[in-house]
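Student: Just passing along the structure, written as structure tokens.
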Amino acid sequence: MTGLKDLMQPHRIVMMLVFAALVIWCAFALRWDWIPKYAPLALEGLWATIWILAVSTVLGFLLAVPLGLAQAVGPWYLSLPARTFCTIIRGTPLLLQIWLLYYGLGSLFPQFPWIRSSELWPYLRQAWPYAVLALTLSYAGYEGEVMRGAFSSVAKGQLEAAKSFGMPRFTMFRRIWLPQAIRNVLPTLGGETILQLKATPLVATITVVEIYAVSSRVRSDTFIVYEPLLLLAVVYMAIAGVIAYAFRRLEKG
Amino acid sequence: MTGLFELLGLGASAELLSLSGWGGNLLRGLANSLQIAFGAFGMGLVIGLFGAYGKLYGGKVTRDLLAIYTTVIRAVPELVLILILYYVGSDIINKISEGLGGGRVEINGVAAGIWVLGVVQGAYATEVLRGAIQAVPVGQIEAAKSYGMPGLMIMRRVTIPAMMSFAVPGLANLWLIATKDTALLAVVGFNELTLETRQAASSTRAYFTFFLAAGFLYLMVTLCSGAVFARVEKWARRGQPSLKGGTS
């Protein structure tokens with residue numbers, strides 16, 4: 001990261017002044033009068049974005065661990081499906097996956113009577129479970145590949161040593177394999193989480209109201225185009241910054 | 001079993017997906033998608049090459065501006081960038097057209113898609129190519145300089161061939177991102193594969209069939225590109241020791 005001394009170079013000071021002038025110009029020349037009206041909705045949207053991001057990354061990571069393990073050391077009947085899953089997820093656009101789940105699966109479910117009468121039915125008629133499911137599967141697909149590398153990078157000798165101590169397999173996994181794999185994977189995990197953040201606006205296309213959907217709503221209500229999008233870009237950059245900072249702390253601590 | 005097939009909408013899918021049915025639309029969409037992806041990838045390469053040179057050898061201000069470009073583009077979701085760039089691009093063109101005394105201009109979807117995705121790809125390509133150029137041993141460039149080669153010739157004869165083997169894996173990744181990012185243009189309303197699919201699906205109510213078919217098409221594109229890039233990588237690494245050990 002740049003220190004204060006770096007910022008004090010003459011050309012950077014000039015650039016910062018230009019930037020400040022640009023911000024002030026934006027504040028006065030562009031229209032911001034829509035903000036008070038849409039602020040409550042925007043906060044709700046922001047919360048939805050963060051909620052979907054958090055739930056899908058945590059669930060996705062939990063799914064990625066077995067996927068990575070199956071690919072790294074599993075027998076063929078486990079590694080083959082895991083590899084196929086990762087290839088399919090990584091080979092198709094996320095937008096298509098979201099639409100396949102929401103429109104495709106969503107149009108199939110009502111045809112099964114036992115689903116219609118189940119407890120889950122009210123949830124299956126809303127958009128957010130499909131959004132969370134699609135983002136979770138996508139994160140697991142990308143992260144599963146990363147976990148495969150991480151699991152195969154743990155030194156074989158350590159596992160053999162643990163085995164010779166008579167450690168049960170699950171303890172071995174929990175105490176030796178997983179902690180090292182996670183430490184190896186932390187830098188990539190940060191990057192993947194930011195990619196996941198950048199994937200969340202796609203769920204707006206299936207009527208989930210998150211922060212991007214709010215900006216589109218402002219655009220279509222008021223015909224103000226650039227201001228909501230600029231603000232949105234700043235919000236996403238801020239969240240990405242927070243995620244990057246959190247992962248740097250995690251790596252150090 | 002046939003009941004399940006009917007339920008998934010797969011029973012009539014052969015008919016639905018035939019070329020005279022909606023299959024032709026899907027293929028047209030795929031052609032559009034590939035066209036945009038090729039154009040965006042090419043534009044990204046050009047921006048990336050200049051960007052990488054600017055970042056490595058440019059002046060202080062150039063470097064800072066390029067740093068802002070790559071950081072901002074990579075931190076903001078593609079969908080948001082697509083919207084911003086789309087509006088900016090059409091605004092600029094309309095302003096120019098009004099300045100020349102013309103009316104509003106209808107913007108070609110493919111050109112707009114290439115412009116929008118190209119700017120996004122450029123930021124990623126800048127980083128990929130910068131890393132690759134940095135991996136070229138300095139001695140080779142110094143040797144070329146000491147022979148009195150002009151800058152452009154050094155770039156063409158030394159830097160680019162020598163950096164290829166480092167750049168190809170990253171560029172392969174970028175190409176895959178380009179093909180998949182074309183799907184996002186569906187949101188702005190370009191007739192690429194995803195939007196064609198959605199239109200076909202909603203007018204026949206066979207959502208599952210069509211989205212599966214589109215997924216299959218995308219998967220074929222990525223798998224074929226993977227095979228092509230494996231060949232390209234082998235070519236770019238010719239004469240170098242193989243990664244798997246032994247000589248290739």
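Each chain of the structure tokens is named A, B, ... in the order shown, its residues numbered from 1; ligands are numbered from 1 in display order.
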Find the residues of chain B that sit at most 9 Å from chain A; for each, write down the nearest two atoms and how far apart they are in Å, to one decimal. Count only C-alpha atoms. Sort by chain, then by number going up, and give it as a tab-separated table.
Tutor:
```
residue	atom	partner	partner_atom	distance
B:Leu7	CA	A:Leu108	CA	7.2
B:Leu8	CA	A:Leu108	CA	6.7
B:Gly9	CA	A:Leu108	CA	8.8
B:Lys60	CA	A:His11	CA	7.5
B:Val61	CA	A:His11	CA	6.8
B:Asp64	CA	A:Arg12	CA	8.1
B:Val72	CA	A:Met237	CA	7.5
B:Ala75	CA	A:Met237	CA	5.4
B:Val76	CA	A:Ala233	CA	5.7
B:Pro77	CA	A:Lys198	CA	4.3
B:Glu78	CA	A:Lys198	CA	7.0
B:Leu79	CA	A:Pro201	CA	7.1
B:Val80	CA	A:Leu229	CA	6.9
B:Leu81	CA	A:Ala233	CA	8.1
B:Leu83	CA	A:Leu229	CA	8.0
B:Ile84	CA	A:Leu229	CA	6.7
B:Tyr87	CA	A:Val225	CA	7.9
B:Val88	CA	A:Tyr226	CA	8.7
B:Leu176	CA	A:Gly91	CA	7.9
B:Ile177	CA	A:Pro93	CA	8.8
B:Thr179	CA	A:Pro93	CA	8.3
B:Lys180	CA	A:Pro93	CA	4.8
B:Asp181	CA	A:Pro93	CA	7.1
B:Thr182	CA	A:Pro93	CA	8.6
B:Ala183	CA	A:Pro93	CA	6.5
B:Leu184	CA	A:Leu95	CA	6.9
B:Val187	CA	A:Thr205	CA	7.6
B:Thr194	CA	A:Leu96	CA	6.6
B:Arg198	CA	A:Trp99	CA	8.4
B:Ala201	CA	A:Gly104	CA	9.0
B:Arg205	CA	A:Ser107	CA	8.5
B:Ala206	CA	A:Gly104	CA	7.8
B:Tyr207	CA	A:Gly104	CA	4.7
B:Phe208	CA	A:Gly104	CA	4.1
B:Thr209	CA	A:Gly104	CA	7.8
B:Phe210	CA	A:Gly104	CA	8.6
B:Phe211	CA	A:Leu100	CA	5.5
B:Leu212	CA	A:Leu100	CA	7.2
B:Ala214	CA	A:Leu96	CA	7.9
B:Gly215	CA	A:Thr92	CA	5.8
B:Phe216	CA	A:Thr92	CA	8.1
B:Leu217	CA	A:Thr92	CA	8.7
B:Tyr218	CA	A:Thr92	CA	5.5
B:Leu219	CA	A:Gly91	CA	5.0
B:Met220	CA	A:Gly91	CA	8.3
B:Val221	CA	A:Gly91	CA	8.3
B:Thr222	CA	A:Gly91	CA	5.6
B:Leu223	CA	A:Gly91	CA	7.5
```
Student: Quick one: residues within 12 Å of Ser79 in chain A, only C-alpha atoms counted, chain neighbours fewer than 3 positions away excluded, as a list in words?
Tutor: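 Neighbouring residues, sequence-local ones excluded: Pro66, Leu67, Gly68, Leu69, Ala70, Gln71, Ala72, Val73, Gly74, Pro75, Trp76, Ala82, Arg83, Thr84, Phe85, Cys86, Gly144, Glu145 and Arg148 of chain A.
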Student: Can I get the selected residues back with N, CA and C atoms, as a JSON list (two decimals), in the first residue's frame?
Tutor:
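As written to disk, again-v6.json reads:
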```json
[["chain", "number", "residue", "atom", "x", "y", "z"],
["A", 66, "PRO", "N", -15.22, -30.36, 0.30],
["A", 66, "PRO", "CA", -15.34, -31.72, -0.21],
["A", 66, "PRO", "C", -15.05, -31.83, -1.71],
["A", 67, "LEU", "N", -15.42, -30.79, -2.48],
["A", 67, "LEU", "CA", -15.13, -30.83, -3.92],
["A", 67, "LEU", "C", -13.63, -30.88, -4.18],
["A", 68, "GLY", "N", -12.89, -30.06, -3.44],
["A", 68, "GLY", "CA", -11.44, -30.04, -3.62],
["A", 68, "GLY", "C", -10.81, -31.34, -3.16],
["A", 69, "LEU", "N", -11.30, -31.83, -2.02],
["A", 69, "LEU", "CA", -10.76, -33.08, -1.46],
["A", 69, "LEU", "C", -11.02, -34.24, -2.41],
["A", 70, "ALA", "N", -12.23, -34.28, -2.96],
["A", 70, "ALA", "CA", -12.56, -35.37, -3.88],
["A", 70, "ALA", "C", -11.65, -35.34, -5.10],
["A", 71, "GLN", "N", -11.38, -34.12, -5.60],
["A", 71, "GLN", "CA", -10.54, -34.03, -6.79],
["A", 71, "GLN", "C", -9.08, -34.32, -6.49],
["A", 72, "ALA", "N", -8.64, -33.95, -5.27],
["A", 72, "ALA", "CA", -7.22, -34.10, -4.95],
["A", 72, "ALA", "C", -6.87, -35.56, -4.64],
["A", 73, "VAL", "N", -7.69, -36.20, -3.79],
["A", 73, "VAL", "CA", -7.30, -37.54, -3.35],
["A", 73, "VAL", "C", -8.41, -38.57, -3.49],
["A", 74, "GLY", "N", -9.59, -38.15, -3.96],
["A", 74, "GLY", "CA", -10.73, -39.07, -3.97],
["A", 74, "GLY", "C", -10.57, -40.17, -5.00],
["A", 75, "PRO", "N", -11.30, -41.28, -4.81],
["A", 75, "PRO", "CA", -11.35, -42.31, -5.85],
["A", 75, "PRO", "C", -12.10, -41.76, -7.07],
["A", 76, "TRP", "N", -11.99, -42.47, -8.20],
["A", 76, "TRP", "CA", -12.52, -41.90, -9.45],
["A", 76, "TRP", "C", -14.00, -41.60, -9.39],
["A", 82, "ALA", "N", -16.94, -34.53, -9.29],
["A", 82, "ALA", "CA", -16.48, -33.23, -8.77],
["A", 82, "ALA", "C", -15.83, -32.42, -9.89],
["A", 83, "ARG", "N", -14.99, -33.10, -10.70],
["A", 83, "ARG", "CA", -14.30, -32.38, -11.77],
["A", 83, "ARG", "C", -15.30, -31.91, -12.82],
["A", 84, "THR", "N", -16.28, -32.79, -13.13],
["A", 84, "THR", "CA", -17.31, -32.41, -14.11],
["A", 84, "THR", "C", -18.08, -31.19, -13.63],
["A", 85, "PHE", "N", -18.45, -31.20, -12.35],
["A", 85, "PHE", "CA", -19.20, -30.08, -11.78],
["A", 85, "PHE", "C", -18.41, -28.79, -11.94],
["A", 86, "CYS", "N", -17.12, -28.83, -11.56],
["A", 86, "CYS", "CA", -16.30, -27.61, -11.65],
["A", 86, "CYS", "C", -16.17, -27.14, -13.09],
["A", 144, "GLY", "N", -13.61, -24.78, -5.58],
["A", 144, "GLY", "CA", -13.27, -26.20, -5.52],
["A", 144, "GLY", "C", -11.96, -26.50, -6.23],
["A", 145, "GLU", "N", -11.76, -25.85, -7.37],
["A", 145, "GLU", "CA", -10.50, -26.01, -8.11],
["A", 145, "GLU", "C", -9.33, -25.51, -7.28],
["A", 148, "ARG", "N", -8.56, -27.85, -4.51],
["A", 148, "ARG", "CA", -7.86, -29.04, -5.01],
["A", 148, "ARG", "C", -6.35, -28.80, -4.98]]
```
Student: Where does DSSP see alpha helix (DSSP H) in range 10-251 of chain A, if you list the residues as a PyMOL selection string?
Tutor: chain A and resi 10-29+35-73+76-91+94-99+106-108+113-116+121-124+128-153+156-164+169-172+178-199+211-222+226-251
Student: So how far away is CA of Arg74 in chain B from CA of Gly54 in chain B, in Å?
Tutor: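 Separation of CA of Gly54 in chain B and CA of Arg74 in chain B: 18.0 Å.
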Student: Could you please determine the separation between CA of Gly45 in chain A and CA of Arg248 in chain A in Å, to one decimal place?
Tutor: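 Separation of CA of Gly45 in chain A and CA of Arg248 in chain A: 26.8 Å.
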Student: Considering only C-alpha atoms, return as JSON, numbers by chain whatever protein or nucleic-acid residues lie within 7 Å of range 184-192 of chain A, sequence-local ones (same chain, fewer than 6 positions apart) excluded.
Tutor: {"A": [150, 243, 244, 247, 251]}
Student: For those residues, write all heavy atoms to a file as a short mmCIF file (atom, residue, chain, number, x, y, z; two decimals), in the first residue's frame.
Tutor:
```cif
data_model
loop_
_atom_site.label_atom_id
_atom_site.label_comp_id
_atom_site.auth_asym_id
_atom_site.auth_seq_id
_atom_site.Cartn_x
_atom_site.Cartn_y
_atom_site.Cartn_z
N ALA A 150 -4.80 -26.60 -3.19
CA ALA A 150 -4.34 -26.41 -1.81
C ALA A 150 -4.19 -27.75 -1.10
O ALA A 150 -3.22 -27.98 -0.37
CB ALA A 150 -5.33 -25.54 -1.06
N ILE A 243 -13.32 -6.02 1.96
CA ILE A 243 -13.02 -7.45 1.86
C ILE A 243 -11.51 -7.66 1.74
O ILE A 243 -10.92 -8.51 2.43
CB ILE A 243 -13.74 -8.07 0.64
CG1 ILE A 243 -15.24 -8.03 0.85
CG2 ILE A 243 -13.28 -9.50 0.42
CD1 ILE A 243 -16.04 -8.46 -0.36
N ALA A 244 -10.86 -6.85 0.87
CA ALA A 244 -9.41 -7.01 0.69
C ALA A 244 -8.68 -6.77 2.00
O ALA A 244 -7.77 -7.53 2.37
CB ALA A 244 -8.92 -6.04 -0.39
N PHE A 247 -9.14 -9.71 4.45
CA PHE A 247 -8.33 -10.89 4.13
C PHE A 247 -6.85 -10.65 4.41
O PHE A 247 -6.15 -11.56 4.81
CB PHE A 247 -8.57 -11.31 2.67
CG PHE A 247 -9.72 -12.26 2.55
CD1 PHE A 247 -10.98 -11.80 2.23
CD2 PHE A 247 -9.54 -13.61 2.78
CE1 PHE A 247 -12.06 -12.67 2.14
CE2 PHE A 247 -10.60 -14.49 2.69
CZ PHE A 247 -11.86 -14.02 2.37
N GLU A 251 -4.63 -12.98 6.82
CA GLU A 251 -3.37 -13.61 6.41
C GLU A 251 -2.28 -13.34 7.42
O GLU A 251 -1.45 -14.21 7.70
CB GLU A 251 -2.93 -13.04 5.06
CG GLU A 251 -3.46 -13.79 3.87
CD GLU A 251 -3.14 -13.05 2.60
OE1 GLU A 251 -1.96 -12.78 2.35
OE2 GLU A 251 -4.09 -12.72 1.86
#
```
Student: What's the separation between CA of Arg249 in chain A and CA of Phe61 in chain A, in Å to one decimal place?
Tutor: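 Answer for the CA of Arg249 in chain A to CA of Phe61 in chain A separation: 19.1 Å.
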Student: May I have the residues within 10 Å of Glu106 in chain B as a list in words, using only C-alpha atoms and disregarding those fewer than 4 positions away in the same chain?
Tutor: Ser90, Ile93 and Asn94 of chain B
